[in-house]
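Below is the file final_39.cif, which contains mmCIF, C-alpha atoms.
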data_model
#
loop_
_atom_site.label_atom_id
_atom_site.label_comp_id
_atom_site.auth_asym_id
_atom_site.auth_seq_id
_atom_site.Cartn_x
_atom_site.Cartn_y
_atom_site.Cartn_z
CA MET A 1350 0.00 0.00 0.00
CA ASN A 1351 1.17 3.52 -0.86
CA VAL A 1352 -0.09 6.30 1.44
CA LEU A 1353 0.32 10.08 1.25
CA VAL A 1354 0.18 11.59 4.74
CA THR A 1355 -0.84 15.25 4.75
CA GLY A 1356 0.51 17.01 7.83
CA GLY A 1357 2.88 14.06 8.09
CA ALA A 1358 5.64 16.06 9.79
CA GLY A 1359 3.38 17.06 12.68
CA TYR A 1360 3.12 15.46 16.11
CA VAL A 1361 0.52 12.77 15.40
CA GLY A 1362 1.02 12.63 11.65
CA SER A 1363 4.73 11.84 11.96
CA ALA A 1364 4.09 9.17 14.59
CA CYS A 1365 1.64 7.51 12.22
CA LEU A 1366 4.02 7.80 9.27
CA ARG A 1367 6.87 6.19 11.20
CA HIS A 1368 4.53 3.41 12.35
CA LEU A 1369 3.40 2.75 8.78
CA LEU A 1370 7.00 2.49 7.60
CA GLU A 1371 7.82 0.07 10.41
CA HIS A 1372 4.95 -2.15 9.23
CA GLY A 1373 5.90 -2.25 5.58
CA VAL A 1374 3.59 0.48 4.28
CA ASN A 1375 5.11 2.89 1.75
CA ALA A 1376 4.21 6.23 3.37
CA VAL A 1377 5.31 9.75 2.40
CA ALA A 1378 4.61 12.99 4.28
CA PHE A 1379 3.21 16.09 2.54
CA ASP A 1380 3.68 19.07 4.87
CA ASN A 1381 4.28 22.82 4.56
CA LEU A 1382 6.32 22.75 7.82
CA CYS A 1383 4.23 25.58 9.27
CA MET A 1384 3.81 23.49 12.43
CA GLY A 1385 5.59 20.27 11.44
CA HIS A 1386 9.29 19.47 11.75
CA ARG A 1387 11.80 18.11 9.23
CA GLY A 1388 13.41 16.08 11.98
CA ALA A 1389 10.19 14.22 12.72
CA VAL A 1390 10.32 12.17 9.51
CA PRO A 1391 13.05 10.54 7.43
CA ARG A 1392 14.48 13.04 4.92
CA GLU A 1393 13.54 10.95 1.89
CA ARG A 1394 9.95 10.63 3.14
CA LEU A 1395 9.07 14.34 3.10
CA ILE A 1396 7.50 16.41 0.32
CA VAL A 1397 7.33 20.07 1.31
CA GLY A 1398 4.09 21.56 0.03
CA ASP A 1399 0.79 23.16 1.02
CA ILE A 1400 -2.58 21.45 0.71
CA ALA A 1401 -3.96 24.67 -0.77
CA ASP A 1402 -1.78 23.96 -3.82
CA GLY A 1403 -3.90 21.53 -5.79
CA ALA A 1404 -1.33 21.02 -8.54
CA ALA A 1405 1.38 20.12 -6.01
CA LEU A 1406 -0.99 17.72 -4.29
CA ARG A 1407 -1.92 15.98 -7.53
CA GLY A 1408 1.75 15.70 -8.41
CA ALA A 1409 2.54 14.19 -5.02
CA LEU A 1410 -0.35 11.73 -5.20
CA LYS A 1411 0.71 10.56 -8.65
CA GLY A 1412 4.40 10.52 -7.77
CA VAL A 1413 3.79 8.34 -4.72
CA LYS A 1414 1.25 6.27 -6.70
CA ALA A 1415 -1.00 6.72 -3.70
CA ASP A 1416 -3.64 4.14 -2.94
CA ALA A 1417 -4.91 6.18 -0.02
CA VAL A 1418 -4.51 9.43 1.91
CA MET A 1419 -4.21 10.03 5.65
CA HIS A 1420 -5.28 13.63 6.23
CA PHE A 1421 -3.81 15.36 9.31
CA ALA A 1422 -3.00 18.82 7.93
CA ALA A 1423 -5.03 21.36 9.91
CA ALA A 1424 -4.90 24.37 12.19
CA THR A 1425 -5.53 22.99 15.68
CA TYR A 1426 -5.34 25.76 18.30
CA VAL A 1427 -8.79 26.22 19.84
CA GLY A 1428 -8.04 29.67 21.30
CA GLU A 1429 -6.61 30.89 18.00
CA SER A 1430 -9.73 29.68 16.21
CA VAL A 1431 -11.81 32.04 18.37
CA THR A 1432 -9.63 35.09 17.68
CA ASP A 1433 -8.86 34.22 14.03
CA PRO A 1434 -11.63 31.97 12.68
CA GLU A 1435 -10.87 32.96 9.09
CA TYR A 1436 -7.51 31.19 9.25
CA HIS A 1437 -9.08 28.00 10.60
CA TYR A 1438 -11.93 27.95 8.09
CA ARG A 1439 -9.54 28.65 5.21
CA ASN A 1440 -6.92 26.15 6.32
CA ASN A 1441 -9.14 23.33 7.52
CA ILE A 1442 -12.16 23.52 5.23
CA ALA A 1443 -10.76 25.11 2.06
CA GLY A 1444 -7.58 23.06 2.46
CA THR A 1445 -9.54 19.82 2.69
CA LEU A 1446 -11.62 20.82 -0.34
CA SER A 1447 -8.36 21.28 -2.23
CA LEU A 1448 -7.24 17.82 -1.12
CA LEU A 1449 -10.51 16.14 -2.09
CA ASN A 1450 -10.37 17.71 -5.55
CA ALA A 1451 -6.74 16.63 -5.95
CA MET A 1452 -7.69 13.08 -4.96
CA ARG A 1453 -10.43 13.09 -7.59
CA GLY A 1454 -7.96 14.34 -10.19
CA ALA A 1455 -5.44 11.65 -9.27
CA GLY A 1456 -8.02 8.86 -9.00
CA VAL A 1457 -7.39 8.18 -5.28
CA LYS A 1458 -10.55 6.92 -3.59
CA ARG A 1459 -9.56 5.98 -0.04
CA LEU A 1460 -9.29 8.56 2.74
CA LEU A 1461 -8.65 8.48 6.47
CA PHE A 1462 -9.45 11.77 8.22
CA SER A 1463 -8.01 12.94 11.53
CA SER A 1464 -11.05 14.32 13.35
CA THR A 1465 -11.56 15.07 17.03
CA CYS A 1466 -13.71 14.44 20.08
CA ALA A 1467 -14.13 18.25 20.21
CA THR A 1468 -16.97 17.78 17.71
CA TYR A 1469 -19.02 16.38 20.62
CA GLY A 1470 -18.79 19.73 22.43
CA MET A 1471 -20.28 19.86 25.90
CA ASN A 1472 -22.06 16.52 25.50
CA PRO A 1473 -22.23 15.06 29.04
CA ARG A 1474 -22.12 11.42 27.90
CA VAL A 1475 -19.29 9.46 29.56
CA PRO A 1476 -17.86 7.37 28.02
CA MET A 1477 -18.44 8.80 24.54
CA ALA A 1478 -19.56 6.46 21.77
CA GLU A 1479 -19.57 7.27 18.06
CA ASP A 1480 -23.33 7.87 17.95
CA SER A 1481 -23.13 10.65 20.57
CA LEU A 1482 -24.62 14.02 19.64
CA GLN A 1483 -22.12 16.31 17.93
CA ASP A 1484 -22.45 19.92 19.08
CA PRO A 1485 -19.05 21.65 18.66
CA CYS A 1486 -18.48 24.82 20.69
CA SER A 1487 -15.40 26.36 19.04
CA PRO A 1488 -14.59 27.43 15.47
CA TYR A 1489 -11.84 24.77 15.41
CA ALA A 1490 -14.28 22.00 16.31
CA ARG A 1491 -16.89 23.34 13.88
CA THR A 1492 -14.36 23.18 11.04
CA LYS A 1493 -13.62 19.55 11.89
CA LEU A 1494 -17.32 18.66 11.85
CA ALA A 1495 -17.80 20.59 8.59
CA VAL A 1496 -14.98 18.58 7.02
CA GLU A 1497 -16.59 15.34 8.20
CA TRP A 1498 -19.78 16.31 6.36
CA MET A 1499 -17.85 17.46 3.28
CA ILE A 1500 -16.13 14.07 3.13
CA ARG A 1501 -19.50 12.31 3.43
CA ASP A 1502 -20.92 14.41 0.59
CA PHE A 1503 -17.91 13.70 -1.66
CA ALA A 1504 -18.18 10.00 -0.84
CA HIS A 1505 -21.84 9.94 -1.84
CA ALA A 1506 -21.32 11.90 -5.06
CA TYR A 1507 -17.93 10.66 -6.26
CA GLY A 1508 -17.44 7.16 -4.87
CA LEU A 1509 -14.96 7.92 -2.11
CA GLY A 1510 -14.34 5.43 0.69
CA PHE A 1511 -13.52 7.00 4.05
CA THR A 1512 -12.87 6.42 7.73
CA LEU A 1513 -13.24 9.24 10.26
CA LEU A 1514 -11.15 8.91 13.43
CA ARG A 1515 -12.26 11.12 16.33
CA TYR A 1516 -9.51 10.94 18.86
CA PHE A 1517 -9.26 12.21 22.35
CA ASN A 1518 -6.11 13.69 23.96
CA ALA A 1519 -2.99 12.67 22.02
CA ALA A 1520 -0.02 12.29 24.37
CA GLY A 1521 3.37 10.67 24.87
CA ALA A 1522 6.46 10.21 22.72
CA SER A 1523 8.31 7.43 20.93
CA PRO A 1524 9.54 4.82 23.43
CA ASP A 1525 13.20 5.36 22.53
CA GLY A 1526 12.93 9.09 23.20
CA SER A 1527 13.88 10.08 19.65
CA HIS A 1528 10.61 11.78 18.64
CA GLY A 1529 7.94 13.65 20.54
CA GLU A 1530 5.82 16.71 21.01
CA ASP A 1531 7.13 20.11 19.92
CA HIS A 1532 4.48 22.80 19.60
CA LYS A 1533 5.19 26.51 19.72
CA PRO A 1534 3.24 27.69 21.57
CA GLU A 1535 2.58 24.51 23.55
CA ASN A 1536 -0.99 23.94 24.72
CA HIS A 1537 -1.10 20.27 25.75
CA LEU A 1538 -1.18 19.49 29.45
CA ILE A 1539 1.61 16.90 29.87
CA PRO A 1540 4.39 18.89 28.15
CA LEU A 1541 3.25 22.04 29.96
CA VAL A 1542 3.48 20.26 33.33
CA LEU A 1543 6.93 18.90 32.44
CA GLU A 1544 8.16 22.40 31.68
CA VAL A 1545 8.13 23.04 35.45
CA PRO A 1546 10.83 20.47 36.39
CA LEU A 1547 12.73 21.51 33.26
CA GLY A 1548 12.88 25.06 34.65
CA LYS A 1549 10.92 26.58 31.77
CA ARG A 1550 8.10 27.81 34.00
CA GLY A 1551 7.63 28.33 37.71
CA HIS A 1552 4.30 26.55 38.01
CA ILE A 1553 1.44 25.03 36.06
CA THR A 1554 -1.97 26.71 36.06
CA VAL A 1555 -5.02 24.50 36.66
CA PHE A 1556 -8.24 25.93 35.24
CA GLY A 1557 -11.05 25.11 37.65
CA ASN A 1558 -11.32 22.86 40.70
CA ASP A 1559 -15.10 22.93 41.14
CA TYR A 1560 -16.16 20.39 38.50
CA GLN A 1561 -18.26 17.38 39.49
CA THR A 1562 -15.23 15.08 39.41
CA GLN A 1563 -13.32 13.21 42.10
CA ASP A 1564 -10.90 16.08 42.76
CA GLY A 1565 -12.79 18.93 41.11
CA THR A 1566 -10.54 19.18 38.02
CA CYS A 1567 -11.32 18.25 34.42
CA ILE A 1568 -10.99 14.66 33.27
CA ARG A 1569 -9.58 13.70 29.88
CA ASP A 1570 -8.71 10.47 28.06
CA TYR A 1571 -4.99 10.49 27.19
CA VAL A 1572 -4.17 8.18 24.28
CA HIS A 1573 -0.53 7.53 23.37
CA THR A 1574 0.64 8.43 19.89
CA GLU A 1575 1.96 4.89 19.41
CA ASP A 1576 -1.55 3.57 20.05
CA LEU A 1577 -3.04 6.26 17.82
CA ALA A 1578 -0.66 5.16 15.09
CA GLN A 1579 -1.70 1.54 15.45
CA ALA A 1580 -5.36 2.58 15.11
CA HIS A 1581 -4.61 4.59 11.97
CA ARG A 1582 -2.78 1.67 10.33
CA LEU A 1583 -5.59 -0.75 11.13
CA ALA A 1584 -8.16 1.74 9.86
CA ILE A 1585 -6.45 2.56 6.57
CA GLN A 1586 -5.88 -1.12 5.84
CA ALA A 1587 -9.60 -1.77 6.44
CA THR A 1588 -10.76 1.19 4.31
CA SER A 1589 -12.00 0.28 0.85
CA GLU A 1590 -13.63 2.43 -1.83
CA LYS A 1591 -17.00 1.61 -0.24
CA THR A 1592 -16.12 2.23 3.42
CA THR A 1593 -18.09 4.89 5.36
CA GLU A 1594 -16.84 4.36 8.89
CA VAL A 1595 -16.33 6.32 12.13
CA PHE A 1596 -14.27 5.39 15.19
CA ASN A 1597 -13.44 7.10 18.47
CA ILE A 1598 -9.85 6.59 19.64
CA GLY A 1599 -9.23 6.68 23.37
CA THR A 1600 -8.28 4.29 26.13
CA GLY A 1601 -11.60 4.49 27.93
CA ASN A 1602 -9.71 5.60 31.06
CA GLY A 1603 -10.05 9.19 32.22
CA ASN A 1604 -7.50 11.10 34.29
CA SER A 1605 -8.02 14.42 36.02
CA VAL A 1606 -5.61 17.34 35.70
CA VAL A 1607 -4.38 16.75 39.24
CA GLU A 1608 -3.85 13.04 38.50
CA VAL A 1609 -1.72 13.96 35.50
CA ILE A 1610 0.37 16.32 37.63
CA ARG A 1611 0.85 13.60 40.29
CA ALA A 1612 1.91 11.11 37.62
CA CYS A 1613 4.45 13.62 36.33
CA GLU A 1614 5.77 14.07 39.87
CA GLN A 1615 6.25 10.31 40.21
CA VAL A 1616 8.13 10.11 36.93
CA VAL A 1617 10.46 13.09 37.47
CA GLY A 1618 10.93 12.35 41.19
CA LYS A 1619 10.16 15.82 42.52
CA PRO A 1620 7.13 17.99 43.43
CA ILE A 1621 5.60 20.11 40.69
CA LYS A 1622 4.09 23.41 41.75
CA PHE A 1623 0.63 24.23 40.47
CA GLN A 1624 -1.90 27.00 41.07
CA MET A 1625 -5.67 26.90 40.79
CA THR A 1626 -7.57 29.52 38.87
CA GLU A 1627 -11.07 29.93 37.44
CA ARG A 1628 -12.54 27.65 34.79
CA ARG A 1629 -11.98 28.35 31.13
CA PRO A 1630 -15.22 28.87 29.17
CA GLY A 1631 -16.18 25.82 27.13
CA ASP A 1632 -14.17 23.19 29.03
CA PRO A 1633 -16.33 20.06 29.49
CA PRO A 1634 -15.97 18.40 32.92
CA ALA A 1635 -15.07 15.03 31.38
CA LEU A 1636 -14.21 13.66 27.93
CA VAL A 1637 -13.59 9.92 27.89
CA ALA A 1638 -13.85 7.63 24.87
CA ASP A 1639 -15.75 4.39 24.53
CA PRO A 1640 -13.25 2.39 22.43
CA ALA A 1641 -15.42 -0.75 22.16
CA LYS A 1642 -16.15 -0.31 18.45
CA LEU A 1643 -12.50 0.24 17.53
CA LYS A 1644 -11.41 -2.77 19.53
CA GLY A 1645 -14.22 -4.98 18.27
CA LYS A 1646 -14.17 -4.14 14.54
CA LEU A 1647 -10.45 -3.49 13.97
CA GLY A 1648 -8.85 -5.46 16.79
CA TRP A 1649 -7.15 -2.39 18.28
CA LYS A 1650 -5.12 -3.18 21.41
CA PRO A 1651 -3.62 -0.11 23.11
CA ARG A 1652 -0.27 -0.63 24.79
CA TYR A 1653 -0.29 2.43 27.05
CA THR A 1654 -3.34 2.16 29.28
CA ASP A 1655 -2.19 4.06 32.39
CA ILE A 1656 -1.18 7.70 32.59
CA LYS A 1657 2.20 7.06 34.23
CA SER A 1658 3.43 4.96 31.30
CA VAL A 1659 2.39 7.75 28.91
CA VAL A 1660 4.21 10.38 30.99
CA GLU A 1661 7.36 8.23 31.17
CA THR A 1662 7.74 8.35 27.39
CA ALA A 1663 7.00 12.08 27.30
CA TRP A 1664 9.63 12.78 29.97
CA LYS A 1665 12.23 10.71 28.10
CA TRP A 1666 11.70 12.95 25.07
CA HIS A 1667 11.43 16.34 26.81
CA SER A 1668 14.31 15.74 29.23
CA THR A 1669 16.68 14.86 26.38
CA HIS A 1670 15.22 17.37 23.88
CA PRO A 1671 14.35 20.41 26.00
CA ASP A 1672 14.22 22.56 22.83
CA GLY A 1673 12.30 19.98 20.83
CA TYR A 1674 13.56 19.55 17.29
CA ALA A 1675 15.39 22.92 17.56
CA ASP A 1676 14.38 23.93 14.05
CA ARG A 1677 12.41 27.08 14.80
#

Can the structure from this file be put into C-alpha cells for me?
Amino acid sequence: MNVLVTGGAGYVGSACLRHLLEHGVNAVAFDNLCMGHRGAVPRERLIVGDIADGAALRGALKGVKADAVMHFAAATYVGESVTDPEYHYRNNIAGTLSLLNAMRGAGVKRLLFSSTCATYGMNPRVPMAEDSLQDPCSPYARTKLAVEWMIRDFAHAYGLGFTLLRYFNAAGASPDGSHGEDHKPENHLIPLVLEVPLGKRGHITVFGNDYQTQDGTCIRDYVHTEDLAQAHRLAIQATSEKTTEVFNIGTGNGNSVVEVIRACEQVVGKPIKFQMTERRPGDPPALVADPAKLKGKLGWKPRYTDIKSVVETAWKWHSTHPDGYADR
C-alpha cells in the first residue's frame, strides 16, 4: 500500500508515518512545515508543500502512486480559532476541499481523516460512543465537523471510501525518546506540566477545581501516539472504496488534571508546583472515549493504558530534547 500523509511532519502525523513504515507500508509525508518538523520524519519521506496547492498535491499523489490518503493537515489551536476563525476555516475547510479535488484528479478513492472528540462539544455522555450528539463549541471543532460532512458528501457523489477517526487527547512520545511533542506555543497538558521540572516555567496553572469530578478538576482520556498510530494503520488497511466508517480513539480511562500532575511528579521524582484559577469557558468536565467499536471491529489493542506509562515516554523525550527539534 502507498499512502500520502498530509501534515505528516506534525506530532501525530509523523508518529503515524513512522509506524506505517515500520509495518511495511510505503508512506510519504506532505507538509508545509508551518507546524511540522523536518526532523520528525526521514528526509527521503518528506515532500514540502501546502494542501492549498492543488497542482502540487496531484503531483505528489501521482508521484507516490498513492492508494490512499491520511489527512492530518489542519490548524488545531482552539483559542486561536476564536480570535482568528478565518484562518481555521480557510486552512481546515478550504484546504480539505483542495485535497478532495486533488484526490479526484489523481483517481485516489480511499481517505482516512483525523477528526476530534471536540466535535461532541459539551455533550455530558461518559464514556463517549460514536453515535453521541455532535455539538461543537469552538470554530476549530466546527471546522472539523464541517470537514466530516464534506467528506461524506464527496463520498456519496464521487465514490470515495472513508474512515473518520475522532480521537481524544494525544499524548506521549516514541519509546526510545527520539521523537515527541514540539508545539510553539505549547498547549497540551503533559508537556506544559513537564516544563516546570525543566525550569521553563515556575508553576502550572489548573483551570477550575469545582467540576463534578473526584478532585474537582477536568478529566480527559490520554491516548498515546503509538496507540493512535496503530489505530490509523488498522483503519487505513480496512478502508475500501466503499467504506463509510467512524471510530473514536481513546483508552476508555479518564484522568483528572491533578492526577496527570501527580503522575508527572512520580516520573520526574520531585514535586511540581501548580496554582488553581477559574474555569476556562467551554471546558467540558469530562471527555472519555468508549473504544469498544475500535477494539471490536479493527482489533485495536492499546499498549499504554495508564497515565504514568504515557508520561514516562513524554519525559524521556522532553528531558533529552528540552528545545524539541530545535528547528524554529

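Take atom CA of A:Tyr1516 and atom CA of A:Ala1467: the distance between them is 8.8 Å.
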
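Distance-wise, atom CA of A:Val1606 and atom CA of A:Pro1671 end up 22.4 Å apart.
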
What's the 12 Å shell around A:Ala1520, counting all atoms listed in the file, without same-chain residues fewer than 6 positions away, as a ChimeraX atom specification? /A:1360-1361,1364,1529-1531,1536-1541,1569-1578,1599-1600,1609,1653-1664,1666

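Comparing the minimum interatomic distances between A:Ala1423 and each of A:Gly1359, A:Gly1510, A:Pro1633, A:Gly1526, counting all atoms listed in the file, we find that A:Gly1359 sits nearest.
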
Enter the distance from atom CA of A:Trp1649 to atom CA of A:Asn1597, in Å, rounded to one decimal. 11.4 Å

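Within 8 Å of A:Val1542, once all atoms listed in the file are used and residues closer than 5 positions along the same chain are dropped, the contacting residues are A:His1552, A:Ile1553, A:Ile1610, A:Cys1613, A:Ile1621.
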
Please, could you write that set of residues out with C-alpha atoms as a short mmCIF file (atom, residue, chain, number, x, y, z; two decimals), keeping the file's coordinate frame?
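So result14.cif came out as:
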data_model
loop_
_atom_site.label_atom_id
_atom_site.label_comp_id
_atom_site.auth_asym_id
_atom_site.auth_seq_id
_atom_site.Cartn_x
_atom_site.Cartn_y
_atom_site.Cartn_z
CA HIS A 1552 4.30 26.55 38.01
CA ILE A 1553 1.44 25.03 36.06
CA ILE A 1610 0.37 16.32 37.63
CA CYS A 1613 4.45 13.62 36.33
CA ILE A 1621 5.60 20.11 40.69
#

For stretch 1645-1647 of chain A: contacts at 10 Å, all atoms listed in the file, fewer than 3 positions along chain excluded, given as an mmCIF file with C-alpha atoms, in the frame of the given file:
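The result, stored in out.cif:
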data_model
loop_
_atom_site.group_PDB
_atom_site.id
_atom_site.type_symbol
_atom_site.label_atom_id
_atom_site.label_comp_id
_atom_site.auth_asym_id
_atom_site.auth_seq_id
_atom_site.Cartn_x
_atom_site.Cartn_y
_atom_site.Cartn_z
ATOM 1 C CA ALA A 1580 -5.360 2.580 15.110
ATOM 2 C CA ARG A 1582 -2.780 1.670 10.330
ATOM 3 C CA LEU A 1583 -5.590 -0.750 11.130
ATOM 4 C CA ALA A 1584 -8.160 1.740 9.860
ATOM 5 C CA GLN A 1586 -5.880 -1.120 5.840
ATOM 6 C CA ALA A 1587 -9.600 -1.770 6.440
ATOM 7 C CA PHE A 1596 -14.270 5.390 15.190
ATOM 8 C CA PRO A 1640 -13.250 2.390 22.430
ATOM 9 C CA ALA A 1641 -15.420 -0.750 22.160
ATOM 10 C CA LYS A 1642 -16.150 -0.310 18.450
ATOM 11 C CA LYS A 1650 -5.120 -3.180 21.410
#

With a distance cut-off of 9 Å and all atoms listed in the file, select the neighbouring residues of A:Asn1381, excluding the residue or stretch itself and same-chain residues fewer than 6 positions from it, and output the selection as a ChimeraX atom specification. /A:1356,1358,1396-1400,1422

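With all atoms listed in the file as the atoms that count, the minimum distance from A:Leu1513 to the choices A:Leu1543, A:Val1413, A:Met1499, A:Val1637 is reached by A:Met1499.
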
Here's the selection I'm unsure about, the PyMOL selection byres ((chain A and resi 1595) around 10); applied to the file above, which residues does it give, as JSON, numbers by chain? {"A": [1461, 1462, 1464, 1479, 1480, 1497, 1511, 1512, 1513, 1514, 1515, 1584, 1592, 1593, 1594, 1596, 1597, 1598, 1642, 1643]}

Taking the point (-1.2, 13.5, -11.6) as given in the file, collect each protein or nucleic acid residue that comes within 7 Å of it, counting all atoms listed in the file, and present the set as an MDAnalysis selection string. chainID A and resid 1407:1408 1410:1411 1454:1455

Go through A:Asp1632, A:Arg1394, A:Ala1376, A:Ala1522 and flag the residue nearest A:Ser1487, using only C-alpha atoms for the distances. A:Asp1632

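Distance annotation: of A:Gly1373, A:Pro1546, A:Gly1388, A:Gly1456, the residue with the minimal separation from A:Val1616 is A:Pro1546; atom set is only C-alpha atoms.
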
Considering all atoms listed in the file, state which residue in the set A:Tyr1674, A:Pro1634, A:His1532, A:Phe1623 is at the smallest distance from A:Ile1568. A:Pro1634

Considering only C-alpha atoms, state which residue in the set A:Asp1676, A:Asp1380, A:Asp1639, A:Glu1627 is at the smallest distance from A:Ala1405. A:Asp1380

If I wrap all listed atoms of stretch 1370-1383 of chain A in a box with edges along x, y and z and add 4 Å on each side, what are its centre and edge lengths in Å to one decimal, as AutoDock Vina command-line options?
--center_x 5.5 --center_y 11.7 --center_z 6.1 --size_x 12.6 --size_y 35.8 --size_z 16.7

Target residues per the PyMOL selection byres ((chain A and resi 1556-1563) around 6), formatted as a ChimeraX atom specification: /A:1555,1564-1566,1626-1628,1634
